[in-house]
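A.B. asks: The structure's right below; bear with me while I get my questions together.
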Amino acid sequence: MNSLDLIIICLAAIFVASLAFYLIYGKFTECKFDLIAAKFKQQFGYTPFSMTVGKDGGFFFWGYKESYLISALIFPGFSATKKTLTEEEVLFFKSLKTCEISWFYIKYIALVIGLLSFICLLIVLKVKPD
């Protein structure tokens, strides 16, 4: 086994581990998302479509429910965010306490690590000599 094979095994293991962590941790933190959705509904009087569909849509729409959080916390300056969220809604998400929202960052950092390792794995497999 040469070093290139070891790199491939490590990248594949990182990808699988981060994907498993994302899925398992996401299941354990659904109640925290539900608390944020309830707080949003209490303050604004409605639940956004993506939060409703994501909560009741099963596994296929599981990540979709957090699109409001992604837009408000990670991409607040994008034009798409400004079209879908009001300034008050963005401020609501930004004003959440760190303990209320830290699960979100942990979950998506794991997802980014997994995606990067997958991309690196594809690159290594492409340039691997036969």
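Please note that chains go A, B, ... in the order of the structure tokens, that every chain numbers its residues from 1, and that ligands are numbered from 1 in the order shown.
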Which residues are close to region 97-109 of chain A, i.e. within 8 Å by only C-alpha atoms, leaving aside same-chain residues fewer than 4 positions away? Reply as a ChimeraX atom specification.

C.D. replies: /A:21-22,25-26,29,32,36,113

A.B. asks: Nearest to Leu85 (chain A) among A:Phe44, A:Ile123, A:Phe118, A:Cys10, with distances taken over only C-alpha atoms: which residue is it?

C.D. replies: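 Looking only at the distances to Leu85 (chain A), the closest residue turns out to be A:Phe44.
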
A.B. asks: Residues within 10 Å of region 11-13 of chain A, please, as a PyMOL selection string. Count only C-alpha atoms; anything in the same chain fewer than 6 positions from it doesn't count.

C.D. replies: chain A and resi 5+19+114+116-122+124

A.B. asks: Just the residues within 10 Å of Gln43 (chain A), please, counting only C-alpha atoms, with nothing from its chain fewer than 6 positions along; format it as a list of chain:residue names.

C.D. replies: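 The residues that qualify are A:Ala37, A:Glu89, A:Phe92.
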
A.B. asks: Please dump the current selection as a short mmCIF file (atom, residue, chain, number, x, y, z; two decimals), in the first residue's frame; keep N, CA, C and O atoms.

C.D. replies:
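Generated file (out-v3.cif):
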data_model
loop_
_atom_site.label_atom_id
_atom_site.label_comp_id
_atom_site.auth_asym_id
_atom_site.auth_seq_id
_atom_site.Cartn_x
_atom_site.Cartn_y
_atom_site.Cartn_z
N ALA A 37 -38.02 27.77 15.65
CA ALA A 37 -39.21 27.96 14.81
C ALA A 37 -40.39 28.46 15.65
O ALA A 37 -41.14 29.34 15.21
N GLU A 89 -36.44 40.00 10.30
CA GLU A 89 -36.24 38.55 10.39
C GLU A 89 -34.74 38.22 10.47
O GLU A 89 -34.35 37.35 11.26
N PHE A 92 -33.67 39.01 13.89
CA PHE A 92 -34.15 37.99 14.82
C PHE A 92 -33.18 36.82 14.89
O PHE A 92 -32.78 36.38 15.97
#

A.B. asks: If I take CA of Phe75 (chain A) and CA of Val16 (chain A), how far is one from the other in Å, to one decimal?

C.D. replies: 27.0 Å

A.B. asks: Can you tell me how far CA of Phe15 (chain A) sits from CA of Ser71 (chain A), in Å to one decimal?

C.D. replies: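 Distance between the two atoms: 24.8 Å.
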
A.B. asks: Run DSSP on the backbone and give me the residues of chain A it puts in helix (DSSP H, G or I), as number ranges by chain.

C.D. replies: A: 3-28, 30-44, 49-56, 59-61, 63-73, 79-84, 87-94, 98-127
